[in-house]
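Participant: Next comes the structure file start.csv, holding CSV, C-alpha atoms.
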chain,number,residue,atom,x,y,z
O,12,MET,CA,-15.7,5.9,-17.0
O,13,ASN,CA,-17.6,7.8,-14.4
O,14,THR,CA,-15.9,11.1,-13.7
O,15,THR,CA,-18.0,12.1,-10.7
O,16,PRO,CA,-15.7,11.7,-7.7
O,17,ARG,CA,-16.9,9.2,-5.0
O,18,LEU,CA,-15.9,9.4,-1.4
O,19,VAL,CA,-14.8,6.1,0.2
O,20,GLU,CA,-14.2,5.8,3.9
O,21,VAL,CA,-10.8,4.5,4.9
O,22,ARG,CA,-10.0,5.4,8.6
O,23,ARG,CA,-6.4,4.1,8.5
O,24,ASN,CA,-3.5,5.3,10.6
O,25,ALA,CA,-1.0,6.9,8.2
O,26,LEU,CA,1.8,5.1,10.1
O,27,LYS,CA,0.0,1.8,10.1
O,28,GLN,CA,3.0,-0.1,8.7
O,29,ASN,CA,5.3,1.2,11.4
O,30,ASP,CA,2.8,0.6,14.1
O,31,LEU,CA,2.3,-3.0,13.0
O,32,LEU,CA,6.0,-3.6,12.9
O,33,ALA,CA,6.4,-2.0,16.3
O,34,ARG,CA,3.7,-4.2,17.7
O,35,ALA,CA,5.5,-7.3,16.4
O,36,LEU,CA,8.8,-6.1,17.9
O,37,ARG,CA,7.1,-5.5,21.2
O,38,ASP,CA,5.7,-9.1,21.1
O,39,ARG,CA,9.2,-10.4,20.3
O,40,PHE,CA,10.8,-8.5,23.1
O,41,ARG,CA,8.2,-9.7,25.5
O,42,GLU,CA,8.6,-13.4,24.5
O,43,ALA,CA,12.4,-13.1,24.8
O,44,GLY,CA,12.1,-11.4,28.2
O,45,VAL,CA,13.9,-8.3,27.1
O,46,ARG,CA,12.9,-4.9,28.5
O,47,VAL,CA,13.4,-2.1,26.0
O,48,VAL,CA,14.0,1.5,26.9
O,49,SER,CA,14.3,4.3,24.4
O,50,LEU,CA,15.9,7.7,24.8
O,51,VAL,CA,14.9,10.9,23.1
O,52,SER,CA,16.3,14.4,23.5
O,53,SER,CA,17.7,17.3,21.7
O,54,PRO,CA,21.3,17.0,20.4
O,55,GLY,CA,23.8,17.3,23.3
O,56,ALA,CA,21.4,16.7,26.2
O,57,GLY,CA,23.5,13.8,27.4
O,58,LYS,CA,21.9,10.6,26.0
O,59,THR,CA,25.1,8.9,25.2
O,60,THR,CA,26.8,9.8,28.5
O,61,LEU,CA,23.9,8.6,30.5
O,62,LEU,CA,24.0,5.3,28.5
O,63,GLU,CA,27.7,4.9,29.0
O,64,LYS,CA,27.4,5.2,32.7
O,65,THR,CA,24.2,3.1,32.8
O,66,LEU,CA,25.8,0.3,30.7
O,67,SER,CA,28.8,0.2,33.0
O,68,ALA,CA,26.8,0.3,36.2
O,69,ALA,CA,24.0,-2.1,35.3
O,70,ARG,CA,26.1,-5.2,35.6
O,71,ARG,CA,23.3,-7.1,37.2
O,72,TRP,CA,21.6,-7.2,33.9
O,73,ARG,CA,22.7,-8.4,30.4
O,74,VAL,CA,22.5,-5.1,28.7
O,75,ALA,CA,22.9,-4.0,25.1
O,76,ALA,CA,22.3,-0.7,23.2
O,77,MET,CA,21.4,0.5,19.7
O,78,VAL,CA,22.2,4.1,18.8
O,79,GLY,CA,20.9,6.2,16.0
O,80,ASP,CA,22.9,8.9,14.3
O,81,LEU,CA,22.6,10.8,11.1
O,82,ALA,CA,26.2,10.2,10.0
O,83,THR,CA,28.8,9.0,12.5
O,84,GLU,CA,29.6,5.9,14.5
O,85,ASN,CA,31.1,8.0,17.3
O,86,ASP,CA,28.4,7.2,19.9
O,87,ALA,CA,28.6,3.4,19.3
O,88,ALA,CA,32.4,3.5,19.7
O,89,ARG,CA,31.9,5.3,23.0
O,90,LEU,CA,29.3,2.9,24.2
O,91,ALA,CA,31.2,-0.2,23.1
O,92,ARG,CA,34.0,0.6,25.5
O,93,THR,CA,31.6,-0.4,28.3
O,94,GLY,CA,31.9,-4.0,27.0
O,95,ALA,CA,28.2,-4.2,26.2
O,96,PRO,CA,27.0,-5.3,22.8
O,97,VAL,CA,26.3,-2.1,20.8
O,98,LYS,CA,24.9,-1.5,17.3
O,99,GLN,CA,25.1,1.8,15.4
O,100,ILE,CA,22.1,2.7,13.2
O,101,ILE,CA,23.1,5.3,10.6
O,102,THR,CA,20.0,6.9,9.3
O,103,GLY,CA,21.5,8.9,6.6
O,104,ALA,CA,19.4,12.0,6.2
O,105,VAL,CA,16.5,10.6,8.2
O,106,CYS,CA,15.9,12.5,11.4
O,107,HIS,CA,14.4,9.7,13.5
O,108,LEU,CA,14.5,6.0,14.0
O,109,ASP,CA,11.6,3.8,12.9
O,110,ALA,CA,10.5,0.3,13.7
O,111,ALA,CA,12.0,-1.1,10.5
O,112,MET,CA,15.4,0.2,11.4
O,113,ILE,CA,15.2,-1.5,14.8
O,114,GLU,CA,14.1,-4.8,13.2
O,115,ARG,CA,17.1,-4.7,10.8
O,116,ALA,CA,19.5,-3.8,13.6
O,117,LEU,CA,18.3,-6.8,15.6
O,118,GLU,CA,19.7,-9.2,13.0
O,119,GLY,CA,22.4,-11.3,14.4
O,120,TRP,CA,21.5,-10.7,18.0
O,121,ASN,CA,20.1,-13.4,20.2
O,122,LEU,CA,17.4,-11.7,22.3
O,123,ASP,CA,17.3,-14.6,24.7
O,124,GLU,CA,20.7,-13.5,25.9
O,125,LEU,CA,19.6,-10.0,26.9
O,126,ASP,CA,17.7,-8.6,29.8
O,127,LEU,CA,17.7,-4.9,28.9
O,128,LEU,CA,18.0,-3.1,25.6
O,129,PHE,CA,18.5,0.6,25.2
O,130,ILE,CA,17.6,2.4,22.0
O,131,GLU,CA,19.2,5.9,21.7
O,132,ASN,CA,17.2,7.9,19.1
O,133,VAL,CA,18.7,10.6,16.9
O,134,GLY,CA,19.0,13.9,18.8
O,135,ASN,CA,15.8,15.6,17.8
O,136,LEU,CA,12.8,16.7,19.9
O,137,VAL,CA,10.3,16.7,17.0
O,138,CYS,CA,10.4,13.8,14.5
O,139,PRO,CA,11.0,10.8,16.8
O,140,ALA,CA,7.6,11.6,18.5
O,141,SER,CA,5.5,10.0,15.8
O,142,TYR,CA,7.4,6.6,15.6
O,143,ASP,CA,6.7,3.7,17.9
O,144,LEU,CA,9.8,1.6,18.1
O,145,GLY,CA,8.3,-1.2,20.1
O,146,GLU,CA,9.9,0.1,23.3
O,147,GLU,CA,8.3,-0.5,26.7
O,148,LEU,CA,9.5,2.8,28.2
O,149,ARG,CA,10.4,6.1,26.5
O,150,LEU,CA,12.7,8.5,28.3
O,151,VAL,CA,12.8,12.1,27.4
O,152,LEU,CA,16.0,13.9,28.5
O,153,LEU,CA,16.2,17.6,29.2
O,154,SER,CA,19.5,19.1,30.2
O,155,VAL,CA,19.6,22.0,32.6
O,156,THR,CA,21.5,24.1,30.0
O,157,GLU,CA,18.6,24.0,27.6
O,158,GLY,CA,16.2,25.9,29.9
O,159,GLU,CA,13.1,25.1,31.8
O,160,ASP,CA,10.7,25.8,29.0
O,161,LYS,CA,11.7,22.9,26.7
O,162,PRO,CA,8.5,20.9,27.6
O,163,LEU,CA,6.4,23.9,26.5
O,164,LYS,CA,8.3,24.2,23.2
O,165,TYR,CA,8.1,20.5,22.4
O,166,PRO,CA,4.9,19.3,24.1
O,167,THR,CA,4.3,16.5,21.7
O,168,ILE,CA,7.5,14.5,22.4
O,169,PHE,CA,7.1,15.1,26.2
O,170,ASN,CA,3.5,13.8,25.9
O,171,THR,CA,4.7,10.6,24.2
O,172,ALA,CA,7.3,9.9,26.9
O,173,ASP,CA,6.9,7.8,30.0
O,174,VAL,CA,9.7,9.3,32.1
O,175,ALA,CA,11.5,12.6,32.1
O,176,VAL,CA,15.2,12.8,33.0
O,177,ILE,CA,16.7,16.1,33.9
O,178,THR,CA,20.4,15.8,33.1
O,179,LYS,CA,23.6,17.7,33.9
O,180,ILE,CA,22.0,18.6,37.3
O,181,ASP,CA,25.5,19.5,38.6
O,182,LEU,CA,25.4,22.6,36.3
O,183,ALA,CA,22.0,23.7,37.6
O,184,GLY,CA,23.4,26.4,39.9
O,185,ALA,CA,25.8,27.8,37.2
O,186,VAL,CA,23.1,28.3,34.6
O,187,GLU,CA,20.5,29.3,37.2
O,188,PHE,CA,18.2,26.5,36.3
O,189,ASP,CA,14.9,26.6,38.1
O,190,ARG,CA,14.0,23.0,39.0
O,191,ASP,CA,10.5,23.8,40.2
O,192,VAL,CA,9.6,25.6,37.0
O,193,ALA,CA,11.0,22.8,34.9
O,194,ARG,CA,9.2,20.2,36.9
O,195,GLU,CA,5.9,22.2,36.6
O,196,ASN,CA,6.3,22.5,32.8
O,197,ILE,CA,6.9,18.8,32.5
O,198,GLN,CA,3.8,18.0,34.5
O,199,ARG,CA,1.8,20.4,32.4
O,200,ALA,CA,2.8,18.7,29.1
O,201,ARG,CA,2.4,15.2,30.6
O,202,PRO,CA,0.6,15.1,33.9
O,203,GLY,CA,1.8,12.4,36.3
O,204,MET,CA,5.1,11.7,34.5
O,205,PRO,CA,7.9,10.6,36.8
O,206,ILE,CA,10.9,12.9,36.8
O,207,ILE,CA,14.5,11.9,37.6
O,208,GLU,CA,17.2,14.4,38.2
O,209,LEU,CA,20.8,13.3,37.7
O,210,SER,CA,24.3,14.1,36.6
O,211,ALA,CA,26.0,11.2,34.7
O,212,LYS,CA,29.3,13.0,35.1
O,213,THR,CA,29.3,13.4,38.9
O,214,GLY,CA,27.1,10.4,39.6
O,215,GLU,CA,24.5,12.5,41.5
O,216,GLY,CA,21.1,10.8,41.1
O,217,MET,CA,22.5,7.8,39.3
O,218,GLU,CA,21.6,5.4,42.1
O,219,ALA,CA,18.0,6.6,42.0
O,220,TRP,CA,17.9,6.2,38.3
O,221,LEU,CA,19.2,2.6,38.4
O,222,ARG,CA,16.7,1.8,41.2
O,223,PHE,CA,13.9,3.2,39.0
O,224,LEU,CA,15.1,1.1,36.1
O,225,GLN,CA,15.2,-2.0,38.3
O,226,LEU,CA,11.6,-1.3,39.6
O,227,ARG,CA,10.3,-0.6,36.1
O,228,THR,CA,11.9,-3.6,34.5
O,229,ALA,CA,11.1,-6.1,37.2
O,230,ASP,CA,8.3,-8.5,36.4
E,23,MET,CA,11.6,17.5,9.2
E,24,HIS,CA,9.9,14.1,9.1
E,25,GLU,CA,6.9,15.2,7.1
E,26,LEU,CA,8.4,13.8,4.0
E,27,SER,CA,8.5,10.3,5.6
E,28,ILE,CA,4.9,10.8,6.8
E,29,ALA,CA,3.8,12.0,3.3
E,30,ILE,CA,5.4,8.8,1.7
E,31,SER,CA,3.5,6.7,4.3
E,32,ILE,CA,0.2,8.4,3.4
E,33,ILE,CA,0.8,7.8,-0.3
E,34,GLU,CA,1.6,4.2,0.3
E,35,GLY,CA,-1.4,3.7,2.5
E,36,ALA,CA,-3.8,5.5,0.2
E,37,THR,CA,-2.5,3.6,-2.8
E,38,GLU,CA,-3.1,0.3,-1.0
E,39,GLU,CA,-6.6,1.4,0.0
E,40,ALA,CA,-7.5,2.7,-3.4
E,41,ARG,CA,-6.5,-0.7,-4.9
E,42,ARG,CA,-9.4,-2.3,-3.0
E,43,HIS,CA,-11.8,-0.4,-5.3
E,44,GLY,CA,-10.2,-1.6,-8.5
E,45,ASP,CA,-8.6,0.5,-11.1
E,46,VAL,CA,-9.5,4.0,-9.8
E,47,LYS,CA,-7.9,7.4,-9.8
E,48,VAL,CA,-7.4,9.1,-6.5
E,49,ASN,CA,-8.5,12.7,-6.7
E,50,ALA,CA,-7.9,13.6,-3.0
E,51,VAL,CA,-6.8,12.1,0.3
E,52,ARG,CA,-8.7,13.3,3.3
E,53,LEU,CA,-6.5,13.3,6.4
E,54,LYS,CA,-7.2,14.0,10.0
E,55,LEU,CA,-4.3,15.6,11.7
E,56,GLY,CA,-4.2,16.0,15.5
E,57,ALA,CA,-2.8,19.1,17.2
E,58,LEU,CA,-0.6,16.7,19.3
E,59,SER,CA,0.5,14.6,16.3
E,60,GLY,CA,3.8,16.4,16.1
E,61,VAL,CA,3.3,17.0,12.3
E,62,SER,CA,3.3,20.4,10.7
E,63,LYS,CA,0.4,20.9,8.3
E,64,ASP,CA,2.3,23.3,6.0
E,65,ALA,CA,5.4,21.1,5.9
E,66,LEU,CA,3.2,18.0,5.2
E,67,LEU,CA,1.3,19.7,2.3
E,68,PHE,CA,4.6,20.8,0.8
E,69,SER,CA,6.1,17.3,1.2
E,70,TYR,CA,3.0,15.6,-0.1
E,71,ALA,CA,3.1,17.4,-3.5
E,72,LEU,CA,6.8,16.4,-3.8
E,73,ALA,CA,6.3,12.8,-2.8
E,74,CYS,CA,3.4,12.3,-5.1
E,75,GLU,CA,5.5,13.0,-8.2
E,76,GLY,CA,5.9,9.8,-10.3
E,77,THR,CA,3.4,7.8,-8.2
E,78,ALA,CA,-0.2,6.8,-9.0
E,79,LEU,CA,-1.3,9.7,-6.8
E,80,GLU,CA,0.5,12.4,-8.8
E,81,GLY,CA,-1.8,15.4,-9.1
E,82,SER,CA,-4.0,14.4,-6.2
E,83,ARG,CA,-5.0,16.8,-3.3
E,84,LEU,CA,-4.3,16.3,0.3
E,85,ASP,CA,-7.2,17.7,2.3
E,86,ILE,CA,-6.2,18.2,5.9
E,87,GLU,CA,-8.8,18.4,8.7
E,88,GLU,CA,-7.1,19.7,11.9
E,89,ILE,CA,-8.3,17.9,15.0
E,90,PRO,CA,-8.1,19.7,18.3
E,91,VAL,CA,-7.0,17.9,21.5
E,92,MET,CA,-9.7,16.6,23.8
E,93,ALA,CA,-8.7,15.1,27.1
E,94,PHE,CA,-10.8,13.3,29.8
E,95,CYS,CA,-11.2,15.2,33.0
E,96,PRO,CA,-11.3,12.7,35.9
E,97,ARG,CA,-12.9,15.2,38.2
E,98,CYS,CA,-15.7,16.5,35.9
E,99,GLU,CA,-15.9,13.0,34.3
E,100,ILE,CA,-16.2,14.5,30.8
E,101,GLU,CA,-13.9,15.1,27.8
E,102,ARG,CA,-12.9,18.7,27.2
E,103,ALA,CA,-10.4,20.7,25.2
E,104,PRO,CA,-7.5,21.2,27.6
E,105,ALA,CA,-6.1,24.7,28.5
E,106,SER,CA,-3.5,24.2,25.7
E,107,ILE,CA,-1.4,21.5,24.1
E,108,GLN,CA,1.3,22.6,26.5
E,109,TRP,CA,-0.9,22.4,29.5
E,110,LEU,CA,-3.1,19.4,29.7
E,111,SER,CA,-5.5,20.5,32.4
E,112,CYS,CA,-9.3,20.9,32.6
E,113,PRO,CA,-10.3,24.5,31.7
E,114,VAL,CA,-13.2,24.3,34.1
E,115,CYS,CA,-11.9,22.7,37.3
E,116,GLY,CA,-8.2,22.9,36.7
E,117,ALA,CA,-7.5,19.2,37.3
E,118,PRO,CA,-4.6,17.6,35.3
E,119,THR,CA,-5.9,15.7,32.3
E,120,PRO,CA,-3.3,13.1,31.2
E,121,GLN,CA,-5.8,11.0,29.3
E,122,VAL,CA,-5.8,12.4,25.7
E,123,ALA,CA,-8.9,11.1,23.9
E,124,GLN,CA,-8.3,12.9,20.6
E,125,GLY,CA,-5.7,15.0,18.9
E,126,LYS,CA,-2.8,12.6,18.3
E,127,GLU,CA,-4.1,11.2,15.0
E,128,ILE,CA,-2.5,11.1,11.6
E,129,GLU,CA,-5.3,9.3,10.0
E,130,ILE,CA,-6.3,8.7,6.4
E,131,ALA,CA,-10.0,9.3,6.9
E,132,ALA,CA,-11.3,8.9,3.3
E,133,LEU,CA,-10.3,8.9,-0.3
E,134,GLU,CA,-12.0,10.8,-3.1
E,135,ILE,CA,-11.9,8.5,-6.1
E,136,ILE,CA,-12.9,8.5,-9.7
E,137,GLU,CA,-14.0,5.1,-11.1
Rewrite the structure from the file as structure tokens, please.
Facilitator:
Amino acid sequence: MNTTPRLVEVRRNALKQNDLLARALRDRFREAGVRVVSLVSSPGAGKTTLLEKTLSAARRWRVAAMVGDLATENDAARLARTGAPVKQIITGAVCHLDAAMIERALEGWNLDELDLLFIENVGNLVCPASYDLGEELRLVLLSVTEGEDKPLKYPTIFNTADVAVITKIDLAGAVEFDRDVARENIQRARPGMPIIELSAKTGEGMEAWLRFLQLRTAD
Amino acid sequence: MHELSIAISIIEGATEEARRHGDVKVNAVRLKLGALSGVSKDALLFSYALACEGTALEGSRLDIEEIPVMAFCPRCEIERAPASIQWLSCPVCGAPTPQVAQGKEIEIAALEIIE
């Protein structure tokens, strides 16, 4: 046995398995004509509330949702009240969704019967950044109560997103949220990213959000 | 902390790659880790040592090469290191630089093996 170490080149993405699976999922979604939108944010930014209102309002599409949570089924129960098909993905101790979890959650669903699928990630602005879920559009949510500097604190996840949604905009005045600074910070972390401001509670900005969704999901 | 998940993926990937070279022992895994990968180097090193226990890679080193971000400046038409990872803009002309050319990788670059 030769004990001199030898260096062999590999050049392999460490998340190759996840990326391959995500690519296969993306192909499946495309073939079935399903547009897939994922949501990431810190806990409490309003992902589930935005989804509740969106599922109820988006009657022109056949919509469904998958929602990731560490331990509870509360979010799925909330979303199921909209009448849309909903699946809870309980991750246990895992702080993010991955492509294999999405693939398993798809079992029993006929994708041909869907137009739009939302995937709500676990509330976390760090870990979900590394995992491709096969989605077409990744939304990052930032609520006004979190402060304008979130994009500077979590540049990686903002950089992986396609759209930024500023939520709870009805509270902007109360918490002295500076919209211009927030928008500037988002643009620094991800130049050119579209930004939508809304309040799922009051309905402000919801029409613009649904219009955006329609434009981005139209073929 | 998702570094444990990443560490497990690295071990699985390295084990698979090592197998191509027959019955070898992996001394070290050389990893390229981008500044915009969202992975903490220290947390990854800690997780790697834990995750290696009981696997074929037990006792192996994880050598991490940190990769800075490079982004393409559309105005200067050249890749440069942006102002910071929070501010993707050209340090020379100030133009926004959304096209990240380097710095997102979590890549197993090479294996140090003993045959």
Participant: Show me which bits of chain E are within 7 Å of chain O, counting only C-alpha atoms, as JSON, numbers by chain.
Facilitator: {"E": [23, 24, 31, 32, 35, 58, 59, 60, 107, 108, 109, 110, 118, 119, 120, 128, 129, 130, 131, 132, 133, 134, 135, 136, 137]}
Participant: What is the atom CA of O:Arg222 to atom CA of O:Arg34 distance in Å?
Facilitator: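 So the two atoms, atom CA of O:Arg222 and atom CA of O:Arg34, lie 27.5 Å apart.
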Participant: Write out as a list in words each polymer residue whose atoms come within 7 Å of stretch 173-188 of chain O, counting all atoms listed in the file; drop sequence neighbours fewer than 2 positions from it.
Facilitator: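 Non-adjacent residues within range: Gly57, Leu148, Arg149, Leu150, Val151, Leu152, Leu153, Ser154, Val155, Thr156, Gly158, Glu159, Thr171, Arg190, Met204, Pro205, Ile206, Ile207, Glu208, Leu209, Ser210 and Ala211 of chain O.
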Participant: Could you tell me which of O:Leu226, O:Leu128, O:Leu221, O:Ala193 comes closest to O:Arg46 if we count only C-alpha atoms?
Facilitator: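 Among O:Leu226, O:Leu128, O:Leu221, O:Ala193, it is O:Leu128 that comes nearest to O:Arg46.
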Participant: Quick one: residues within 8 Å of E:Ala103, all atoms listed in the file, excluding same-chain residues fewer than 6 positions away - as a ChimeraX atom specification?
Facilitator: /E:90-93,112-113
Participant: Write to file, as a PDB file, keeping the file's coordinate frame, the residues of the selection just made, with C-alpha atoms.
Facilitator:
ATOM      1  CA  PRO E  90      -8.100  19.700  18.300  1.00  0.00           C
ATOM      2  CA  VAL E  91      -7.000  17.900  21.500  1.00  0.00           C
ATOM      3  CA  MET E  92      -9.700  16.600  23.800  1.00  0.00           C
ATOM      4  CA  ALA E  93      -8.700  15.100  27.100  1.00  0.00           C
ATOM      5  CA  CYS E 112      -9.300  20.900  32.600  1.00  0.00           C
ATOM      6  CA  PRO E 113     -10.300  24.500  31.700  1.00  0.00           C
TER       7      PRO E 113
END
Participant: Between atom CA of O:Ala75 and atom CA of O:Ala219, what is the distance, to one decimal in Å?
Facilitator: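 Interatomic distance, atom CA of O:Ala75 to atom CA of O:Ala219: 20.5 Å.
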Participant: Just to confirm, what's the straight-line distance from atom CA of O:Leu127 to atom CA of O:Ser53 in Å (one decimal)?
Facilitator: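 Between atom CA of O:Leu127 and atom CA of O:Ser53 the gap works out to 23.3 Å.
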Participant: Within 12 Å of O:Asp38, counting only C-alpha atoms, which residues qualify if same-chain residues fewer than 6 places away don't, as a count of residues only?
Facilitator: 10
Participant: Find, counting all atoms listed in the file, the residue in E:Gly56, E:Ala40, E:Arg102, E:Gly81 that gets nearest to E:Gly125.
Facilitator: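 The closest residue to E:Gly125 is E:Gly56.
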Participant: Which is closer to O:Gly119 than all the others in O:Lys98, O:Phe223, O:Gly134, O:Ala76, using only C-alpha atoms?
Facilitator: O:Lys98
Participant: Could I get stretch 103-130 of chain O rebuilt with N, CA and C atoms, written as a PDB file, in the frame of the given file?
Facilitator:
ATOM      1  N   GLY O 103      21.365   8.102   7.751  1.00  0.00           N
ATOM      2  CA  GLY O 103      21.500   8.900   6.600  1.00  0.00           C
ATOM      3  C   GLY O 103      20.948  10.283   6.817  1.00  0.00           C
ATOM      4  N   ALA O 104      20.011  10.686   5.967  1.00  0.00           N
ATOM      5  CA  ALA O 104      19.400  12.000   6.200  1.00  0.00           C
ATOM      6  C   ALA O 104      18.186  11.948   7.061  1.00  0.00           C
ATOM      7  N   VAL O 105      17.794  10.744   7.463  1.00  0.00           N
ATOM      8  CA  VAL O 105      16.500  10.600   8.200  1.00  0.00           C
ATOM      9  C   VAL O 105      16.717  11.027   9.657  1.00  0.00           C
ATOM     10  N   CYS O 106      15.770  11.856  10.121  1.00  0.00           N
ATOM     11  CA  CYS O 106      15.900  12.500  11.400  1.00  0.00           C
ATOM     12  C   CYS O 106      15.376  11.757  12.582  1.00  0.00           C
ATOM     13  N   HIS O 107      15.005  10.507  12.387  1.00  0.00           N
ATOM     14  CA  HIS O 107      14.400   9.700  13.500  1.00  0.00           C
ATOM     15  C   HIS O 107      14.630   8.244  13.190  1.00  0.00           C
ATOM     16  N   LEU O 108      14.493   7.424  14.222  1.00  0.00           N
ATOM     17  CA  LEU O 108      14.500   6.000  14.000  1.00  0.00           C
ATOM     18  C   LEU O 108      13.066   5.524  13.756  1.00  0.00           C
ATOM     19  N   ASP O 109      12.907   4.424  13.012  1.00  0.00           N
ATOM     20  CA  ASP O 109      11.600   3.800  12.900  1.00  0.00           C
ATOM     21  C   ASP O 109      11.693   2.329  13.187  1.00  0.00           C
ATOM     22  N   ALA O 110      10.540   1.683  13.265  1.00  0.00           N
ATOM     23  CA  ALA O 110      10.500   0.300  13.700  1.00  0.00           C
ATOM     24  C   ALA O 110      11.297  -0.621  12.728  1.00  0.00           C
ATOM     25  N   ALA O 111      11.261  -0.302  11.439  1.00  0.00           N
ATOM     26  CA  ALA O 111      12.000  -1.100  10.500  1.00  0.00           C
ATOM     27  C   ALA O 111      13.484  -1.081  10.689  1.00  0.00           C
ATOM     28  N   MET O 112      13.993   0.087  11.096  1.00  0.00           N
ATOM     29  CA  MET O 112      15.400   0.200  11.400  1.00  0.00           C
ATOM     30  C   MET O 112      15.809  -0.653  12.579  1.00  0.00           C
ATOM     31  N   ILE O 113      14.936  -0.668  13.571  1.00  0.00           N
ATOM     32  CA  ILE O 113      15.200  -1.500  14.800  1.00  0.00           C
ATOM     33  C   ILE O 113      15.207  -2.953  14.400  1.00  0.00           C
ATOM     34  N   GLU O 114      14.224  -3.344  13.592  1.00  0.00           N
ATOM     35  CA  GLU O 114      14.100  -4.800  13.200  1.00  0.00           C
ATOM     36  C   GLU O 114      15.394  -5.188  12.447  1.00  0.00           C
ATOM     37  N   ARG O 115      15.867  -4.330  11.530  1.00  0.00           N
ATOM     38  CA  ARG O 115      17.100  -4.700  10.800  1.00  0.00           C
ATOM     39  C   ARG O 115      18.289  -4.755  11.716  1.00  0.00           C
ATOM     40  N   ALA O 116      18.350  -3.830  12.674  1.00  0.00           N
ATOM     41  CA  ALA O 116      19.500  -3.800  13.600  1.00  0.00           C
ATOM     42  C   ALA O 116      19.541  -5.007  14.518  1.00  0.00           C
ATOM     43  N   LEU O 117      18.394  -5.639  14.688  1.00  0.00           N
ATOM     44  CA  LEU O 117      18.300  -6.800  15.600  1.00  0.00           C
ATOM     45  C   LEU O 117      18.961  -8.054  14.976  1.00  0.00           C
ATOM     46  N   GLU O 118      19.133  -8.020  13.637  1.00  0.00           N
ATOM     47  CA  GLU O 118      19.700  -9.200  13.000  1.00  0.00           C
ATOM     48  C   GLU O 118      21.018  -9.594  13.544  1.00  0.00           C
ATOM     49  N   GLY O 119      21.153 -10.861  13.856  1.00  0.00           N
ATOM     50  CA  GLY O 119      22.400 -11.300  14.400  1.00  0.00           C
ATOM     51  C   GLY O 119      22.495 -11.304  15.906  1.00  0.00           C
ATOM     52  N   TRP O 120      21.500 -10.719  16.536  1.00  0.00           N
ATOM     53  CA  TRP O 120      21.500 -10.700  18.000  1.00  0.00           C
ATOM     54  C   TRP O 120      20.519 -11.765  18.515  1.00  0.00           C
ATOM     55  N   ASN O 121      20.949 -12.476  19.539  1.00  0.00           N
ATOM     56  CA  ASN O 121      20.100 -13.400  20.200  1.00  0.00           C
ATOM     57  C   ASN O 121      19.386 -12.752  21.370  1.00  0.00           C
ATOM     58  N   LEU O 122      18.113 -12.446  21.215  1.00  0.00           N
ATOM     59  CA  LEU O 122      17.400 -11.700  22.300  1.00  0.00           C
ATOM     60  C   LEU O 122      17.316 -12.463  23.572  1.00  0.00           C
ATOM     61  N   ASP O 123      17.382 -13.801  23.462  1.00  0.00           N
ATOM     62  CA  ASP O 123      17.300 -14.600  24.700  1.00  0.00           C
ATOM     63  C   ASP O 123      18.491 -14.346  25.623  1.00  0.00           C
ATOM     64  N   GLU O 124      19.558 -13.785  25.055  1.00  0.00           N
ATOM     65  CA  GLU O 124      20.700 -13.500  25.900  1.00  0.00           C
ATOM     66  C   GLU O 124      20.760 -12.137  26.484  1.00  0.00           C
ATOM     67  N   LEU O 125      19.642 -11.421  26.337  1.00  0.00           N
ATOM     68  CA  LEU O 125      19.600 -10.000  26.900  1.00  0.00           C
ATOM     69  C   LEU O 125      18.474  -9.866  27.886  1.00  0.00           C
ATOM     70  N   ASP O 126      18.716  -8.964  28.836  1.00  0.00           N
ATOM     71  CA  ASP O 126      17.700  -8.600  29.800  1.00  0.00           C
ATOM     72  C   ASP O 126      17.131  -7.189  29.472  1.00  0.00           C
ATOM     73  N   LEU O 127      18.037  -6.324  29.008  1.00  0.00           N
ATOM     74  CA  LEU O 127      17.700  -4.900  28.900  1.00  0.00           C
ATOM     75  C   LEU O 127      18.329  -4.363  27.615  1.00  0.00           C
ATOM     76  N   LEU O 128      17.522  -3.719  26.788  1.00  0.00           N
ATOM     77  CA  LEU O 128      18.000  -3.100  25.600  1.00  0.00           C
ATOM     78  C   LEU O 128      17.692  -1.638  25.536  1.00  0.00           C
ATOM     79  N   PHE O 129      18.717  -0.815  25.352  1.00  0.00           N
ATOM     80  CA  PHE O 129      18.500   0.600  25.200  1.00  0.00           C
ATOM     81  C   PHE O 129      18.533   1.019  23.758  1.00  0.00           C
ATOM     82  N   ILE O 130      17.624   1.897  23.382  1.00  0.00           N
ATOM     83  CA  ILE O 130      17.600   2.400  22.000  1.00  0.00           C
ATOM     84  C   ILE O 130      17.794   3.950  22.112  1.00  0.00           C
TER      85      ILE O 130
END
